[in-house]
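Trainee: To start, I am sharing the structure in question, which I have written as structure tokens.
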Amino acid sequence: MKYRTLRLILWRLLMALPILFGVIVVTFVLIRALPGDPAIAYASGPSMDQEDIEAIRRAMGLDKSVFQQFLIYLSNIAHLNFGTSMITGQPVLQDFAERLPATIELAIVAFAMSLIVALPVGVLAAVYRDSWIDQLSRVITSISAAMPGFFFGLILIFIFYFVLSLAPEPIGRLSGWTIAPPTVTGFMTIDAALIGDWEVVREAIVKMLMPAASMAIFAVAPLMRMMRGGMIDALDSDYIKAARAYGVPGWKILLQYALPNAMLPVLATMGMVLSTMLGANIMIEKLFAWPGIGSYSVNALIGVDYAPVQAFVLIVAVLFVLMTLAIDILSAAIDPRYKLKG
Amino acid sequence: MKRRDFLNAAALSGVSLLGLKLGAGPAAAAGRNDVIRILLEDSPNTFDPSGTGYNPASCNISWNVYDRLVTYASKPVAGEDDAFIYDYDTIVGQAAESYEVSEDGTVLTFKMREGATFHDGRPVTAHDAKWSLDRAVSVPTSKAQLSTGSLTSPDQFVVLDDMTLQITVPQADRFTLPNLCILFPAIINSELAKEHATEDDPWALNWLKTNEAGGGPFVMSRYVADQQFVLERFDDWKNGEVPGQARVLAQIVPVASSRRATAEKGEADLVRALSGRDIKDVMDEGQRRVLGISNPARMVAIAMNSEMPPFNDKRVRQAVAYSVPYEEMFQSVLYGRGTPLFGGTAETTEAIYPQPLPYTQDLEKAKALLAEAGLADGFDTTFTIDSSYTATSEPVAILMQEALGKIGIRVKIEKVPSGQMGQLQTDRALPMFIAMGGAWLADPDYFFRIFYNSARRWNYGNYQNPEMAQLVEETRFESDPAVYKAKVLRMIELAKDDVPLIALWSPYQDTVLSDAIHGYTYMFHGQLEMRPLYKA
């Protein structure tokens with residue numbers, strides 16, 4: 001059984017390779033199909049003429065044919081060289097190494113927040129159907145579905161930072177005065193904990209609360225609805241009725257029989273929510289000056305900076321593949337009916 | 001210890017206001033005299049003064065980490081206390097202790113400053129100056145610019161002795177010295193840079209992109225792309241006055257509302273890139289000092305493609321110029337934060353440019369001009385705006401659409417990303433768009449040479465007038481002030497009459513300052529000059 005699972009995982013990873021290759025081809029072609037000539041964008045001096053533009057084009061390797069460029073790109077990727085960003089002036093891989101942990105750390109906190117709010121309320125709303133708590137869950141989901149995260153973030157900043165002065169300023173991962181811990185994992189909380197600087201750990205967590213809350217707001221609605229729906233289905237099913245008839249204690253029915261069965265659709269939603277949090281929180285990253293990959297890649301896209309955009313799509317694709325796989329494995333572990341497919 | 005544990009737990013719980021409150025403490029900038037805290041919108045992308053694709057924000061680093069041979073002196077801003085602006089007409093020594101210009105203006109001799117060192121302790125010599133200038137006239141980014149000051153070849157830079165550099169130009173050129181004051185000809189620690197140069201990269205472009213080799217007043221002590229950089233005062237700096245020892249902490253905050261909130265709470269010393277409504281509100285609040293200084297050589301204009309029908313008819317361009325609701329635009333879009341460049345006199349007396357063009361809104365006149373051009377029924381056209389500047393461009397476009405509708409011109413507004421905008425301008429594909437022009441050198445002929453002449457992108461109005469081309473050519477080396485003035489006046493007349501660019505305004509560079517900060521000086525490049533900043 002163990003061996004079979006392992007083989008399936010390997011098979012799945014292998015199958016991901018053609019997908020990733022497709023992603024590479026599509027982004028490579030698409031970004032070159034976009035209007036806008038990088039050489040012109042970077043020949044920014046008013047005295048520069050066509051000759052200087054050509055010189056920059058040569059320096060960037062854009063004078064070669066698209067196919068040649070693609071081969072160079074492929075061989076570079078094979079050597080884990082994603083090129084250099086024109087915007088930050090640093091190797092793209094280094095840029096991502098600095099930014100990806102910031103995005104992941106924030107996404108994890110936001111994800112945890114949305115789970116803490118959504119799951120218990122969803123379960124309770126299903127158990128006490130049409131009670132006040134169910135109504136409350138309806139109110140929460142409506143607000144969550146209707147409120148754009150960016151706007152929610154603005155409200156939070158206004159109330160907690162600007163008016164009440166309770167929150168720290170909405171800028172970055174640490175205040176400008178704090179000396180950041182040496183980078184080991186890139187996760188501010190973990191790096192600070194590693195050197196035992198609990199002040200910085202606390203500051204890092206506090207700094208994450210507002211952006212994480214703004215990010216979590218959109219995820220609450222789908223998670224809560226899925227949880228409630230799944231739970232209702234489970235509670236209404238025959239095996240629960242049977243268990244009740246046998247006099248199994250209520251909490252045991254709820255946690256041991258109903259919950260695992262209700263979790264399956266929730267898990268799938270969780271996968272989607274977490275992926276979105278990792279890939280598409282550009283506005284929130286910008287609002288809180290959060291140095292993550294979202295705002296980085298949008299800046300690159302606007303600045304016709306090819307290398308970071310290509311790397312961004314590729315990295316997000318890899319994350320998606322891994323996430324889907326993880327969700328599938330988890331689902332198989334929770335529900336024996338769910339087979340991990342090759 | 002116990003209390004801290006409790007707070008950790010409280011903060012971890014995610015809702016504790018107590019935990020939040022404690023996070024707010026250490027940020028009060030105004031109380032710290034050893035740090036000047038600056039908030040910027042964009043992150044610098046290189047440390048190299050002439051790095052390929054350098055962005056404006058990178059001047060904040062390269063301008064302050066490097067010195068030049070000479071620099072502009074500063075003078076007080078008229079009508080403002082404790083605010084200064086560069087003085088284009090006074091050029092003083094920086095890395096060079098003094099300089100001399102020969103009688104015929106073709107030989108410039110620079111005496112390097114005794115005892116001045118780079119950040120690593122090596123002395124600053126004429127050899128460094130030569131290497132730096134050789135580099136500046138060789139790499140693509142700075143090469144073309146320096147040629148506007150007759151600086152084109154390494155042969156022109158000769159080391160007379162360790163501390164004396166001589167520059168020879170083929171003929172006396174007003175632009176040689178100003179070109180030595182700009183960003184590019186920074187004096188680089190050549191020994192250090194050469195250690196990192198390779199055969200493919202003799203000018204150490206790759207290394208200098210992410211490393212500094214300067215002798216300027218500031219040393220880069222921390223740099224995190226897209227987040228922050230810290231500049232420390234260089235203790236052994238000898239090339240100018242040192243008003244204070246405070247280091248500079250610059251943070252990148254892309255969203256204006258976050259910068260504004262911090263500015264209003266007084267937690268930053270200097271906040272840049274707030275515009276329009278944000279600046280107006282901060283001013284109305286009255287808590288913070290808002291300093292608006294407009295660059296005399298900067299202009300926002302509506303460009304019309306003078307070679308593309310129907311805009312190739314100057315009457316059509318004039319008709320558009322008469323239909324712009326200038327005053328309304330200036331107030332509602334810019335909130336009056338700029339110097340108007342409309343409603344000027346028809347007569348031309350002053351040889352400065354940009355200056356107000358003689359247009360105000362007059363729809364009857366506009367209609368008459370259109371009818372004269374045979375377009376009484378109007379026409380269809382597009383108005384293109386850069387999606388990075390929608391805060392001001394979009395309302396301008398909408399007001400234009402409305403105003404032009406009244407004289408029968410039907411306008412479609414098109415938004416394109418910056419990257420594409422550059423290409424469309426280069427290809428001359430746009431009929432009408434918002435152009436922003438700023439010249440580093442303030443002579444009017446220089447402005448015309450870039451923005452009203454040539455086949456380059458910067459001739460936004462695609463203005464191809466043989467007379468202008470000739471005037472631009474003739475004034476290039478003109479040394480007789482009377483002849484020069486007469487020719488410049490003629491160029492201004494052409495700009496007024498032919499209006500390839502409808503000048504709107506020269507926007508203020510608005511900066512929100514804390515009460516503790518002094519010495520603010522506006523430099524020609526519009527980025528921060530940190531040398532004279534101090535806190536008290």
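Residues are referred to by chain and number: the chain letter is A, B, ... according to the order shown in the structure tokens, the number counts from 1 in that chain, and ligands are numbered separately from 1 in the order shown.
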At a cut-off of 7 Å, can you tabulate as a Markdown table every residue of chain A near chain B together with its closest atom pair and the distance in Å to one decimal, using only C-alpha atoms and ordering rows by chain then number?

Mentor:
```
| residue | atom | partner | partner_atom | distance |
| --- | --- | --- | --- | --- |
| A:Pro35 | CA | B:Gln420 | CA | 5.5 |
| A:Gly36 | CA | B:Gln420 | CA | 3.7 |
| A:Asp37 | CA | B:Gln423 | CA | 6.0 |
| A:Pro38 | CA | B:Gly419 | CA | 6.8 |
| A:Ile40 | CA | B:Gly422 | CA | 6.3 |
| A:Ala41 | CA | B:Gly419 | CA | 5.6 |
| A:Tyr42 | CA | B:Gly53 | CA | 4.3 |
| A:Ala43 | CA | B:Gly53 | CA | 6.4 |
| A:Ser44 | CA | B:Gly53 | CA | 6.8 |
| A:Gly45 | CA | B:Thr141 | CA | 6.9 |
| A:Pro46 | CA | B:Trp458 | CA | 6.2 |
| A:Ser47 | CA | B:Gln145 | CA | 5.2 |
| A:Met48 | CA | B:Ala144 | CA | 5.5 |
| A:Asp49 | CA | B:Arg456 | CA | 6.3 |
| A:Asp52 | CA | B:Pro140 | CA | 5.9 |
| A:Ala55 | CA | B:Pro140 | CA | 6.9 |
| A:Met86 | CA | B:Gly53 | CA | 6.8 |
| A:Ile87 | CA | B:Asn45 | CA | 5.3 |
| A:Thr88 | CA | B:Asn45 | CA | 4.2 |
| A:Gly89 | CA | B:Asn45 | CA | 5.2 |
| A:Phe162 | CA | B:Ala261 | CA | 6.6 |
| A:Ser165 | CA | B:Ala24 | CA | 7.0 |
| A:Leu166 | CA | B:Lys21 | CA | 4.3 |
| A:Ala167 | CA | B:Leu20 | CA | 4.9 |
| A:Pro168 | CA | B:Ala24 | CA | 4.1 |
| A:Glu169 | CA | B:Ala24 | CA | 7.0 |
| A:Pro170 | CA | B:Ser258 | CA | 6.6 |
| A:Ile171 | CA | B:Val253 | CA | 6.7 |
| A:Ser175 | CA | B:Ala27 | CA | 6.5 |
| A:Arg202 | CA | B:Asn8 | CA | 6.0 |
| A:Glu203 | CA | B:Gly23 | CA | 5.9 |
| A:Val206 | CA | B:Leu20 | CA | 5.9 |
| A:Leu209 | CA | B:Gly14 | CA | 6.5 |
| A:Lys286 | CA | B:Pro254 | CA | 5.9 |
| A:Leu287 | CA | B:Val255 | CA | 5.4 |
| A:Ala289 | CA | B:Val253 | CA | 5.1 |
| A:Pro291 | CA | B:Gln227 | CA | 6.5 |
| A:Ile302 | CA | B:Pro417 | CA | 6.2 |
| A:Gly303 | CA | B:Gly419 | CA | 5.7 |
| A:Val304 | CA | B:Gly419 | CA | 5.7 |
```

Trainee: Give me, as a ChimeraX atom specification, the residues of stretch 239-338 of chain B that a backbone DSSP run labels helix (DSSP H, G or I).

Mentor: /B:256-264,276-285,314-323,326-332

Trainee: Write out as a short mmCIF file (atom, residue, chain, number, x, y, z; two decimals) with N, CA and C atoms, in the first residue's frame the residues lying within 10 Å of B:Arg135, counting only C-alpha atoms and excluding same-chain residues fewer than 5 positions away.

Mentor:
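File produced: selection-v5.cif:
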```
data_model
loop_
_atom_site.label_atom_id
_atom_site.label_comp_id
_atom_site.auth_asym_id
_atom_site.auth_seq_id
_atom_site.Cartn_x
_atom_site.Cartn_y
_atom_site.Cartn_z
N SER B 50 25.12 55.08 -14.46
CA SER B 50 24.72 54.95 -15.86
C SER B 50 24.39 53.51 -16.20
N ALA B 129 39.02 59.93 -12.16
CA ALA B 129 38.14 60.81 -12.93
C ALA B 129 38.17 60.43 -14.41
N LYS B 130 39.37 60.17 -14.91
CA LYS B 130 39.48 59.81 -16.32
C LYS B 130 38.75 58.50 -16.61
N PRO B 140 26.19 52.58 -23.20
CA PRO B 140 25.09 53.11 -24.01
C PRO B 140 24.19 54.11 -23.27
N SER B 142 24.71 56.46 -20.98
CA SER B 142 25.15 57.83 -20.77
C SER B 142 25.78 58.46 -22.01
N LYS B 143 26.25 57.60 -22.91
CA LYS B 143 26.97 58.04 -24.09
C LYS B 143 26.27 59.17 -24.85
N SER B 153 34.61 61.14 -26.63
CA SER B 153 35.65 60.13 -26.77
C SER B 153 36.64 60.19 -25.60
N PRO B 154 37.15 59.02 -25.17
CA PRO B 154 38.13 58.98 -24.08
C PRO B 154 39.37 59.83 -24.37
N PHE B 184 25.22 61.03 -14.75
CA PHE B 184 26.09 60.02 -15.36
C PHE B 184 27.59 60.12 -15.05
N PRO B 185 28.21 61.32 -15.16
CA PRO B 185 29.67 61.33 -15.02
C PRO B 185 30.13 61.26 -13.57
N ALA B 186 29.56 60.34 -12.81
CA ALA B 186 29.92 60.17 -11.41
C ALA B 186 31.36 59.66 -11.31
N ILE B 188 33.93 57.30 -10.09
CA ILE B 188 33.91 55.94 -9.57
C ILE B 188 35.32 55.56 -9.11
N SER B 190 38.06 53.73 -9.48
CA SER B 190 38.41 52.93 -10.66
C SER B 190 39.20 51.68 -10.29
N PRO B 202 34.28 45.34 -19.63
CA PRO B 202 35.43 46.14 -19.17
C PRO B 202 35.02 47.28 -18.23
N TRP B 203 33.77 47.67 -18.27
CA TRP B 203 33.34 48.79 -17.42
C TRP B 203 32.65 48.32 -16.16
N ALA B 204 32.77 47.06 -15.83
CA ALA B 204 32.21 46.50 -14.60
C ALA B 204 30.73 46.82 -14.44
N LEU B 205 29.99 46.79 -15.56
CA LEU B 205 28.56 47.10 -15.49
C LEU B 205 27.83 46.15 -14.56
#
```

Trainee: Could you list, as JSON, numbers by chain, every residue within 12 Å of stretch 3-17 of chain A, counting only C-alpha atoms and ignoring same-chain residues fewer than 5 positions away?

Mentor: {"A": [22, 23, 24, 314, 317, 318, 319, 320, 321, 322, 323, 324, 325, 326, 327, 328, 329, 330, 332, 333, 339, 340, 341, 342]}

Trainee: For the residues selected in the previous step, produce a file with N, CA and C atoms as a tab-separated table (two decimals), in the first residue's frame.

Mentor:
```tsv
chain	number	residue	atom	x	y	z
A	22	GLY	N	4.52	22.91	-21.02
A	22	GLY	CA	3.48	23.70	-21.70
A	22	GLY	C	3.41	25.10	-21.13
A	23	VAL	N	3.48	25.21	-19.80
A	23	VAL	CA	3.44	26.52	-19.17
A	23	VAL	C	4.60	27.39	-19.65
A	24	ILE	N	5.78	26.76	-19.73
A	24	ILE	CA	6.96	27.51	-20.17
A	24	ILE	C	6.75	28.05	-21.59
A	314	LEU	N	5.93	30.15	-13.91
A	314	LEU	CA	6.47	28.81	-13.72
A	314	LEU	C	6.42	28.39	-12.24
A	317	ALA	N	2.97	27.74	-11.14
A	317	ALA	CA	2.51	26.47	-11.70
A	317	ALA	C	3.04	25.30	-10.87
A	318	VAL	N	4.31	25.36	-10.50
A	318	VAL	CA	4.89	24.29	-9.67
A	318	VAL	C	4.15	24.21	-8.34
A	319	LEU	N	3.89	25.37	-7.75
A	319	LEU	CA	3.17	25.39	-6.47
A	319	LEU	C	1.79	24.74	-6.62
A	320	PHE	N	1.11	25.07	-7.72
A	320	PHE	CA	-0.23	24.50	-7.95
A	320	PHE	C	-0.17	22.99	-8.06
A	321	VAL	N	0.82	22.51	-8.83
A	321	VAL	CA	0.95	21.07	-9.01
A	321	VAL	C	1.15	20.39	-7.66
A	322	LEU	N	2.07	20.95	-6.86
A	322	LEU	CA	2.36	20.35	-5.55
A	322	LEU	C	1.14	20.41	-4.64
A	323	MET	N	0.43	21.53	-4.71
A	323	MET	CA	-0.72	21.71	-3.84
A	323	MET	C	-1.82	20.71	-4.18
A	324	THR	N	-2.10	20.58	-5.48
A	324	THR	CA	-3.14	19.63	-5.90
A	324	THR	C	-2.79	18.23	-5.43
A	325	LEU	N	-1.51	17.90	-5.58
A	325	LEU	CA	-1.06	16.59	-5.16
A	325	LEU	C	-1.27	16.42	-3.65
A	326	ALA	N	-0.88	17.41	-2.88
A	326	ALA	CA	-1.02	17.34	-1.43
A	326	ALA	C	-2.48	17.17	-1.03
A	327	ILE	N	-3.36	17.93	-1.71
A	327	ILE	CA	-4.79	17.83	-1.40
A	327	ILE	C	-5.29	16.42	-1.72
A	328	ASP	N	-4.86	15.88	-2.84
A	328	ASP	CA	-5.30	14.53	-3.22
A	328	ASP	C	-4.84	13.50	-2.20
A	329	ILE	N	-3.59	13.64	-1.77
A	329	ILE	CA	-3.07	12.68	-0.78
A	329	ILE	C	-3.85	12.79	0.52
A	330	LEU	N	-4.10	14.02	0.94
A	330	LEU	CA	-4.86	14.24	2.17
A	330	LEU	C	-6.25	13.65	2.05
A	332	ALA	N	-7.26	11.25	0.18
A	332	ALA	CA	-7.19	9.79	0.21
A	332	ALA	C	-6.99	9.30	1.63
A	333	ALA	N	-6.24	10.06	2.42
A	333	ALA	CA	-5.99	9.65	3.80
A	333	ALA	C	-7.27	9.76	4.63
A	339	LYS	N	-9.80	7.50	-4.18
A	339	LYS	CA	-8.60	6.81	-4.62
A	339	LYS	C	-7.63	7.81	-5.25
A	340	LEU	N	-6.39	7.69	-4.84
A	340	LEU	CA	-5.34	8.51	-5.49
A	340	LEU	C	-5.13	7.95	-6.88
A	341	LYS	N	-5.36	8.78	-7.87
A	341	LYS	CA	-5.27	8.27	-9.24
A	341	LYS	C	-3.95	8.64	-9.89
A	342	GLY	N	-3.50	7.77	-10.76
A	342	GLY	CA	-2.22	8.00	-11.41
A	342	GLY	C	-2.36	8.83	-12.67
```

Trainee: So how many Å separate atom CA of B:Tyr452 and atom CA of B:Ile182, to one decimal?

Mentor: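 Straight-line distance from atom CA of B:Tyr452 to atom CA of B:Ile182 works out to 22.1 Å.
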
Trainee: Would you pick out the contacts of B:Pro395 at 12 Å or less, using only C-alpha atoms, so that residues sharing its chain but fewer than 6 positions from it are not included, and give the list as a count of residues only?

Mentor: 15

Trainee: Just the residues within 9 Å of stretch 224-236 of chain A, please, counting only C-alpha atoms, with nothing from its chain fewer than 6 positions along; format it as a ChimeraX atom specification.

Mentor: /A:115,117-127,129,137-138,140-141,253-254,257-259,261-266,269

Trainee: Set the distance at 8 Å and use only C-alpha atoms: which residues neighbour B:Asn239 once local chain neighbours fewer than 5 positions away are removed? I'd like the list as a list of chain:residue names.

Mentor: B:Asp67, B:Gln94, B:Ala95, B:Glu97, B:Arg113, B:Ala116, B:Gly216, B:Pro217

Trainee: Based on DSSP run over this structure's backbone, return all residues of stretch 125-356 of chain B in strand (DSSP E), as a ChimeraX atom specification.

Mentor: /B:157-161,164-168,218-224,228-233,247-252,270-272,289-294,298-304,338-340

Trainee: Could you check which of B:Ala172, B:Ala376, B:Leu513, B:Leu363 is closest to B:Thr106, using only C-alpha atoms?

Mentor: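 Ranked by minimum distance to B:Thr106, first place goes to B:Ala172.
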
Trainee: Smallest atom-to-atom distance to B:Leu528: which of B:Arg272, B:Leu165, B:Asp362, B:His119, using only C-alpha atoms?

Mentor: B:Arg272
